[in-house]
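These notes are about the structure you will find just below.
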Amino acid sequence: MIIKNMLRWILSGFALLVFSKHCSAQESKQKPVAIEINLTVEKGPAKPIWAWFGYDEPNYTYMKDGKKLLTEISQLSKVPVYVRAHSMFVTGDGVAALKWGSTNVYTEDKKGNPVYDWTIVDKIFDTYIERGMKPIAQIGFMPEALSSKPQPYRHHWKPGDDYNDIYTGWAYPPNNYEKFAELVFQWVKHSVKRYGQAEVESWYWELWNEPNISYWKGTTEEYIKLYDYSADAVKGALPTAKIGGPEVTGPNWDVSAKFFRTFLDHVVSGKNYVTGKTGSPLDVITFHAKGNPKVVDGIVRMDMGTQLRDINKGFEIVASYPSLKNLPIIIGESDPEGCAACSEDLHPQNAYRNGTMYSSYTAASFARKHELADAHGVNLLGAVTWAFEFEDQPWFRGFRDLATNGVDKPVLNVFRMFGMMDGNRVEVKQNLAYNFEKLRKESVRGERDINAFATKNDREAAVMVWNYHDDNKIVEASPVSVQLSGVKAKRVQVQHYRIDQEHSNAYEVWKKMGSPQKPTAEQIATLEHAGQLQTLTSPQWVNVENERINLNFDLPAQGVSLLKIIW
């Protein structure tokens with residue numbers, strides 16, 4: 001019996017050896033993807049367009065997990081992070097709910113006189129300012145006392161309900177434009193008094209959200225009228241304040257493009273509803289861009305091309321106005337799809353959100369936003385990731401969020417990587433499977449998109465490399481060879497950070513725990529640690545020959561690497 005077991009062990013070991021050699025032979029046939037980085041060819045400043053975030057539910061801001069996440073977001077960036085949230089003027093008790101928020105900033109007494117209460121708005125903005133963050137202060141939505149059609153007002157939407165149920169009395173034009181303008185004026189004056197003029201001058205003000213769909217129940221002209229009143233009030237309270245709009249949905253949709261152009265036409269040459277003069281103040285231009293995932297043959301298929309076509313069209317429209325072309329652009333929501341609060345359990349196309357599909361998509365898409373802006377010659381300032389957190393929800397429910405119950409998801413680690421990149425963008429040779437034009441037209445349906453985004457400052461370079469495909473499935477890793485030229489040093493230190501199934505990934509750790517919905521304190525501590533950005537290897541010193549170094553590694557499907565080269 002013992003001899004038989006020994007023979008079985010020897011034979012199984014031999015079979016394993018043969019199998020390992022076979023796998024190695026297969027892997028060696030796979031030609032490495034060569035990514036060439038030229039540090040001497042600079043492509044313009046590496047603007048922190050990623051350092052912008054937003055969400056529907058403003059009352060989450062000052063709740064337990066909201067404060068924790070905002071602290072982490074503020075700490076991952078060398079520059080102030082901008083935050084955009086809805087419902088700053090909505091009437092209510094300040095209790096958070098999905099797709100709902102309220103501040104009760106404006107009510108009226110029995111005689112119809114305004115009553116202003118800044119308590120909740122201050123609580124929200126104090127949370128930002130304490131962390132060195134900057135608001136994109138959203139003027140909206142309509143207070144109940146000012147709504148031209150106030151009832152019904154408070155909605156009770158939940159995932160699975162008709163999305164149109166959210167559009168209630170807060171979405172209507174005012175019954176008195178002068179009173180609305182006075183509210184705006186008082187808010188700006190109050191902000192200057194509370195935070196100081198210099199601080200408020202660094203913010204951006206905007207009117208409403210997606211007024212070309214049911215978020216605005218008025219006409220295009222009524223929106224433009226409200227914009228004139230709001231901009232006049234903002235500038236009246238603080239002439240140096242910056243205001244913009246119109247935050248339309250994806251401009252590649254003809255309805256959205258028409259609204260966008262009508263607004264910009266008015267800003268340039270229309271008659272101002274308040275002053276009677278030509279045009280209206282505009283300091284920043286905003287629009288939204290979203291992808292469109294679907295379930296195909298039982299797996300989620302992303303659609304980055306749809307999002308990039310929206311961005312492309314938005315840039316094209318702005319560039320067609322000579323007097324506006326150089327104004328900063330903020331993509332006010334820039335995401336893989338449209339509804340952060342539509343959970344995976346009811347919307348299977350959103351099953352990408354907990355894991356590495358979301359993180360690899362984010363890495364691949366942000367690099368292309370820079371390239372699209374370069375192609376159109378426009379001034380892209382920021383791209384808002386519309387994802388935050390949803391308080392007191394099941395663990396990893398599949399919302400589009402950055403953390404769940406205080407535990408960071410893999411996608412947040414991409415932003416930690418971006419936070420370590422600054423200086424100027426440098427050339428990545430475009431002899432790979434996809435450039436931004438091909439991806440915009442086709443999305444990523446054939447070969448994998450294995451590509452890079454690279455930056456350089458005086459003492460270091462950073463290269464983000466991703467392995468992305470629209471189909472949400474894990475396939476074998478791909479060998480990658482990153483070849484850097486123009487390295488002006490004899491010896492450099494290389495730090496390698498990684499997001500994949502085994503690194504910087506609390507979701508996979510949670511699943512290995514058995515997907516607990518009531519994890520212990522010890523399990524939560526383990527998950528919090530797993531949610532942080534991790535290194536793949538210890539830092540290594542590399543010799544530079546003829547100003548060149550080669551860095552070779554395997555990159556798993558949906559993996560993202562950040563290489564920091566320090567001299």
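FYI, nothing fancy with the structure tokens labels: chains A, B, ... in order, residues from 1 per chain, ligands from 1 as they appear.
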field: All residues 12 Å or closer to range 543-547 of chain A, only C-alpha atoms, same chain fewer than 5 positions away omitted, as a PyMOL selection string
entry: chain A and resi 37-40+483-494+565-567
Within 12 Å of range 197-200 of chain A using only C-alpha atoms, minus same-chain residues under 6 positions, as a VMD selection string: chain A and resid 80 125 128 to 129 132 to 137 187 to 191 234 237 to 243
Using only N, CA and C atoms, please write the residues we just selected to a file, as a PDB file, in the first residue's frame.
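Output below, filename selection.pdb:
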ATOM      1  N   PRO A  80      -6.377  70.369  -4.125  1.00  0.00           N
ATOM      2  CA  PRO A  80      -7.731  70.299  -3.567  1.00  0.00           C
ATOM      3  C   PRO A  80      -8.679  69.538  -4.484  1.00  0.00           C
ATOM      4  N   PHE A 125     -21.016  72.006   3.617  1.00  0.00           N
ATOM      5  CA  PHE A 125     -19.830  72.708   3.123  1.00  0.00           C
ATOM      6  C   PHE A 125     -18.717  72.747   4.167  1.00  0.00           C
ATOM      7  N   TYR A 128     -16.578  69.729   3.723  1.00  0.00           N
ATOM      8  CA  TYR A 128     -15.619  69.868   2.626  1.00  0.00           C
ATOM      9  C   TYR A 128     -14.434  70.754   3.035  1.00  0.00           C
ATOM     10  N   ILE A 129     -14.750  71.945   3.524  1.00  0.00           N
ATOM     11  CA  ILE A 129     -13.710  72.940   3.793  1.00  0.00           C
ATOM     12  C   ILE A 129     -12.733  72.445   4.856  1.00  0.00           C
ATOM     13  N   GLY A 132     -10.006  70.583   3.246  1.00  0.00           N
ATOM     14  CA  GLY A 132      -9.297  71.244   2.156  1.00  0.00           C
ATOM     15  C   GLY A 132      -9.921  71.017   0.799  1.00  0.00           C
ATOM     16  N   MET A 133     -11.189  70.597   0.768  1.00  0.00           N
ATOM     17  CA  MET A 133     -11.894  70.340  -0.491  1.00  0.00           C
ATOM     18  C   MET A 133     -12.629  71.598  -0.938  1.00  0.00           C
ATOM     19  N   LYS A 134     -13.050  71.619  -2.204  1.00  0.00           N
ATOM     20  CA  LYS A 134     -13.720  72.779  -2.784  1.00  0.00           C
ATOM     21  C   LYS A 134     -15.084  72.374  -3.328  1.00  0.00           C
ATOM     22  N   PRO A 135     -16.130  73.133  -3.037  1.00  0.00           N
ATOM     23  CA  PRO A 135     -17.446  72.805  -3.597  1.00  0.00           C
ATOM     24  C   PRO A 135     -17.605  73.276  -5.041  1.00  0.00           C
ATOM     25  N   ILE A 136     -18.313  72.470  -5.825  1.00  0.00           N
ATOM     26  CA  ILE A 136     -19.003  72.971  -7.014  1.00  0.00           C
ATOM     27  C   ILE A 136     -20.419  73.223  -6.506  1.00  0.00           C
ATOM     28  N   ALA A 137     -20.692  74.460  -6.170  1.00  0.00           N
ATOM     29  CA  ALA A 137     -21.924  74.801  -5.458  1.00  0.00           C
ATOM     30  C   ALA A 137     -23.093  74.816  -6.439  1.00  0.00           C
ATOM     31  N   TRP A 187     -27.236  83.308  -0.458  1.00  0.00           N
ATOM     32  CA  TRP A 187     -26.358  82.144  -0.243  1.00  0.00           C
ATOM     33  C   TRP A 187     -24.898  82.520  -0.503  1.00  0.00           C
ATOM     34  N   VAL A 188     -24.658  83.224  -1.593  1.00  0.00           N
ATOM     35  CA  VAL A 188     -23.285  83.622  -1.909  1.00  0.00           C
ATOM     36  C   VAL A 188     -22.756  84.578  -0.837  1.00  0.00           C
ATOM     37  N   LYS A 189     -23.557  85.561  -0.428  1.00  0.00           N
ATOM     38  CA  LYS A 189     -23.131  86.509   0.612  1.00  0.00           C
ATOM     39  C   LYS A 189     -22.828  85.774   1.919  1.00  0.00           C
ATOM     40  N   HIS A 190     -23.694  84.836   2.270  1.00  0.00           N
ATOM     41  CA  HIS A 190     -23.486  84.060   3.482  1.00  0.00           C
ATOM     42  C   HIS A 190     -22.186  83.248   3.393  1.00  0.00           C
ATOM     43  N   SER A 191     -21.920  82.662   2.234  1.00  0.00           N
ATOM     44  CA  SER A 191     -20.716  81.853   2.061  1.00  0.00           C
ATOM     45  C   SER A 191     -19.459  82.704   2.215  1.00  0.00           C
ATOM     46  N   VAL A 234     -25.284  85.764  -8.390  1.00  0.00           N
ATOM     47  CA  VAL A 234     -23.961  85.338  -7.947  1.00  0.00           C
ATOM     48  C   VAL A 234     -22.952  86.471  -8.117  1.00  0.00           C
ATOM     49  N   ALA A 237     -23.435  89.379  -5.706  1.00  0.00           N
ATOM     50  CA  ALA A 237     -22.941  89.131  -4.353  1.00  0.00           C
ATOM     51  C   ALA A 237     -21.415  89.084  -4.302  1.00  0.00           C
ATOM     52  N   LEU A 238     -20.802  88.541  -5.360  1.00  0.00           N
ATOM     53  CA  LEU A 238     -19.344  88.422  -5.429  1.00  0.00           C
ATOM     54  C   LEU A 238     -18.924  88.505  -6.891  1.00  0.00           C
ATOM     55  N   PRO A 239     -18.553  89.680  -7.373  1.00  0.00           N
ATOM     56  CA  PRO A 239     -18.245  89.850  -8.796  1.00  0.00           C
ATOM     57  C   PRO A 239     -17.165  88.908  -9.320  1.00  0.00           C
ATOM     58  N   THR A 240     -16.273  88.444  -8.444  1.00  0.00           N
ATOM     59  CA  THR A 240     -15.184  87.565  -8.870  1.00  0.00           C
ATOM     60  C   THR A 240     -15.541  86.083  -8.783  1.00  0.00           C
ATOM     61  N   ALA A 241     -16.768  85.778  -8.406  1.00  0.00           N
ATOM     62  CA  ALA A 241     -17.200  84.374  -8.348  1.00  0.00           C
ATOM     63  C   ALA A 241     -17.266  83.789  -9.758  1.00  0.00           C
ATOM     64  N   LYS A 242     -17.111  82.466  -9.861  1.00  0.00           N
ATOM     65  CA  LYS A 242     -17.121  81.774 -11.151  1.00  0.00           C
ATOM     66  C   LYS A 242     -18.403  80.949 -11.262  1.00  0.00           C
ATOM     67  N   ILE A 243     -19.141  81.171 -12.343  1.00  0.00           N
ATOM     68  CA  ILE A 243     -20.402  80.450 -12.540  1.00  0.00           C
ATOM     69  C   ILE A 243     -20.450  79.843 -13.930  1.00  0.00           C
TER      70      ILE A 243
END
- request: List every residue of range 394-526 of chain A that DSSP, applied to the backbone, labels as alpha helix (DSSP H), and write the result as a list in words.
  value: Pro410, Val411, Leu412, Asn413, Val414, Phe415, Arg416, Met417, Phe418, Phe436, Glu437, Lys438, Leu439, Arg440, Lys441, Glu442, Ala506, Tyr507, Glu508, Val509, Trp510, Lys511, Lys512, Ala521, Glu522, Gln523, Ile524, Ala525 and Thr526 of chain A
Spatial neighbours of range 390-396 of chain A, max dist 7 Å, only C-alpha atoms, sep filter under 2 positions, as a CSV table (one decimal) with N, CA and C atoms, in the first residue's frame:
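After the write, selection15.csv holds the following:
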chain,number,residue,atom,x,y,z
A,60,TYR,N,-25.6,62.5,3.0
A,60,TYR,CA,-24.6,61.5,3.3
A,60,TYR,C,-23.2,62.2,3.6
A,65,ASP,N,-19.8,57.2,7.5
A,65,ASP,CA,-19.0,56.7,6.4
A,65,ASP,C,-18.8,57.8,5.3
A,354,ASN,N,-18.3,46.4,-8.3
A,354,ASN,CA,-17.6,46.0,-7.0
A,354,ASN,C,-16.2,45.7,-7.3
A,398,GLY,N,-23.6,46.6,-4.9
A,398,GLY,CA,-23.5,46.9,-6.4
A,398,GLY,C,-24.0,48.2,-6.8
A,404,THR,N,-17.9,50.8,0.4
A,404,THR,CA,-19.1,50.1,1.0
A,404,THR,C,-18.9,49.9,2.5
A,405,ASN,N,-19.8,50.5,3.3
A,405,ASN,CA,-19.7,50.4,4.7
A,405,ASN,C,-18.4,50.8,5.3
A,517,GLN,N,-22.6,39.4,5.5
A,517,GLN,CA,-23.4,40.7,5.6
A,517,GLN,C,-23.3,41.3,7.0
task: Please indicate the distance in Å from CA of Thr91 in chain A to CA of Tyr215 in chain A, rounded to one decimal place.
output: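 Pair CA of Thr91 in chain A / CA of Tyr215 in chain A returns 15.8 Å.
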field: Which of A:Ile213, A:Leu226, A:Leu432, A:Val33 sits closest to Pro173 in chain A [using only C-alpha atoms]
entry: A:Leu226
Long-range neighbours of range 363-368 of chain A as a tab-separated table (two decimals) with C-alpha atoms, in the first residue's frame, 10 Å cut-off, only C-alpha atoms, 4 positions minimum in chain:
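So out12.tsv came out as:
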chain	number	residue	atom	x	y	z
A	49	ILE	CA	-8.92	66.11	-14.12
A	50	TRP	CA	-9.65	63.04	-11.96
A	304	MET	CA	-16.64	53.01	-23.22
A	305	GLY	CA	-17.07	54.14	-26.81
A	307	GLN	CA	-19.00	57.71	-23.21
A	308	LEU	CA	-16.11	58.93	-25.34
A	311	ILE	CA	-17.17	63.74	-24.62
A	334	SER	CA	-18.31	61.18	-16.35
A	335	ASP	CA	-19.12	57.52	-15.71
A	336	PRO	CA	-19.58	54.02	-17.19
A	358	TYR	CA	-14.69	49.38	-12.70
A	359	SER	CA	-11.08	50.17	-11.77
A	372	LEU	CA	-9.80	64.05	-26.80
A	373	ALA	CA	-9.24	67.48	-25.26
A	374	ASP	CA	-5.89	67.75	-27.06
A	383	ALA	CA	-14.16	65.14	-15.08
A	411	VAL	CA	-11.83	51.73	-8.09
A	414	VAL	CA	-7.05	54.03	-9.27
A	415	PHE	CA	-7.56	57.54	-7.93
A	417	MET	CA	-2.60	56.05	-8.32
A	418	PHE	CA	-3.61	59.21	-10.19
A	435	ASN	CA	-5.71	54.80	-29.77
A	436	PHE	CA	-8.43	57.16	-28.57
A	437	GLU	CA	-9.95	57.46	-32.05
A	439	LEU	CA	-11.71	53.28	-29.02
A	440	ARG	CA	-14.19	56.13	-29.51
A	449	ASP	CA	-6.68	47.46	-24.57
A	450	ILE	CA	-3.25	47.23	-22.94
A	451	ASN	CA	-1.94	50.75	-22.85
A	452	ALA	CA	-0.47	53.42	-20.60
A	453	PHE	CA	-0.65	56.99	-19.34
A	454	ALA	CA	2.63	58.58	-18.28
A	464	MET	CA	-0.05	53.78	-15.28
A	465	VAL	CA	-0.60	50.59	-17.31
A	466	TRP	CA	-3.94	48.82	-17.68
A	467	ASN	CA	-5.29	45.61	-19.20
A	468	TYR	CA	-8.88	46.37	-20.19
A	469	HIS	CA	-11.65	44.80	-22.27
A	558	GLN	CA	-8.54	44.02	-15.53
A	559	GLY	CA	-5.26	44.71	-13.76
A	560	VAL	CA	-3.82	48.21	-13.33
A	561	SER	CA	-0.16	48.86	-12.48
Among the residues A:Thr520, A:Gln138, A:Thr168, A:Gln501, the one that comes closest to Pro246 in chain A [using only C-alpha atoms]: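 That would be A:Gln138, the residue with the smallest distance to Pro246 in chain A.
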statement: Here CA of Gln495 in chain A and CA of Lys409 in chain A stand apart by 22.0 Å
message: Could you tell me how far CA of Val384 in chain A sits from CA of Val83 in chain A, in Å to one decimal place?
response: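 Between CA of Val83 in chain A and CA of Val384 in chain A the gap is 8.2 Å.
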- prompt: Taking into account only C-alpha atoms, which residue in the set A:Asp471, A:Asp310, A:Glu247, A:Asp265 is nearest to Trp208 in chain A?
  reply: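 So, comparing all the options, the nearest one is A:Glu247.
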field: Surrounding residues of Glu337 in chain A excluding itself and chain neighbours under 4 positions, 7 Å, only C-alpha atoms, as number ranges by chain
entry: A: 290-293
7 Å contact set for range 272-287 of chain A, only C-alpha atoms, chain neighbours under 6 positions out, as an MDAnalysis selection string: chainID A and resid 225 228:229 231 242:250 266 327:332
task: For Asn176 in chain A, list every protein, DNA or RNA residue within 9 Å, evaluated using only C-alpha atoms, and leave out those in the same chain fewer than 3 positions away; present the list as a list in words.
output: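 Once the adjacent positions are removed, what remains is Leu146, Ser147, Ser148, Pro173, Lys179, Phe180 and Ala181 of chain A.
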Keeping only N, CA, C and O atoms, write the selected residues to a file as a short mmCIF file (atom, residue, chain, number, x, y, z; two decimals), in the first residue's frame.
data_model
loop_
_atom_site.label_atom_id
_atom_site.label_comp_id
_atom_site.auth_asym_id
_atom_site.auth_seq_id
_atom_site.Cartn_x
_atom_site.Cartn_y
_atom_site.Cartn_z
N LEU A 146 -41.22 77.98 -3.50
CA LEU A 146 -40.99 78.72 -4.74
C LEU A 146 -41.38 77.95 -5.99
O LEU A 146 -41.35 78.49 -7.09
N SER A 147 -41.76 76.69 -5.83
CA SER A 147 -42.08 75.87 -7.00
C SER A 147 -43.41 76.29 -7.62
O SER A 147 -44.39 76.52 -6.92
N SER A 148 -43.41 76.35 -8.96
CA SER A 148 -44.64 76.70 -9.67
C SER A 148 -45.63 75.52 -9.69
O SER A 148 -46.79 75.69 -10.04
N PRO A 173 -39.92 75.20 -12.58
CA PRO A 173 -39.44 76.59 -12.52
C PRO A 173 -40.05 77.32 -11.32
O PRO A 173 -41.04 76.87 -10.73
N LYS A 179 -37.52 86.27 -6.29
CA LYS A 179 -37.29 85.63 -4.99
C LYS A 179 -36.21 84.55 -5.09
O LYS A 179 -35.39 84.39 -4.18
N PHE A 180 -36.23 83.81 -6.18
CA PHE A 180 -35.19 82.78 -6.38
C PHE A 180 -33.82 83.45 -6.48
O PHE A 180 -32.85 82.98 -5.85
N ALA A 181 -33.73 84.53 -7.24
CA ALA A 181 -32.46 85.24 -7.38
C ALA A 181 -31.98 85.78 -6.04
O ALA A 181 -30.77 85.74 -5.74
#
- request: Give the answer as one residue: which of A:Pro174, A:Pro556, A:Gly54, A:Gly514 has the shortest atom-to-atom distance to Asp401 in chain A, using only C-alpha atoms?
  value: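 The answer is A:Gly54, which sits nearest to Asp401 in chain A.
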task: Check the smallest atom-to-atom distance from each of A:Tyr177, A:Tyr352, A:Phe315, A:Tyr497 to Met302 in chain A using only C-alpha atoms, then report the winner.
output: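 Comparing A:Tyr177, A:Tyr352, A:Phe315, A:Tyr497 against Met302 in chain A, the winner is A:Tyr352.
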Residue among A:Gly423, A:Ile317, A:Gly218, A:Ser323 lying closest to Ser269 in chain A, counting only C-alpha atoms: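 Nearest to Ser269 in chain A: A:Ser323.
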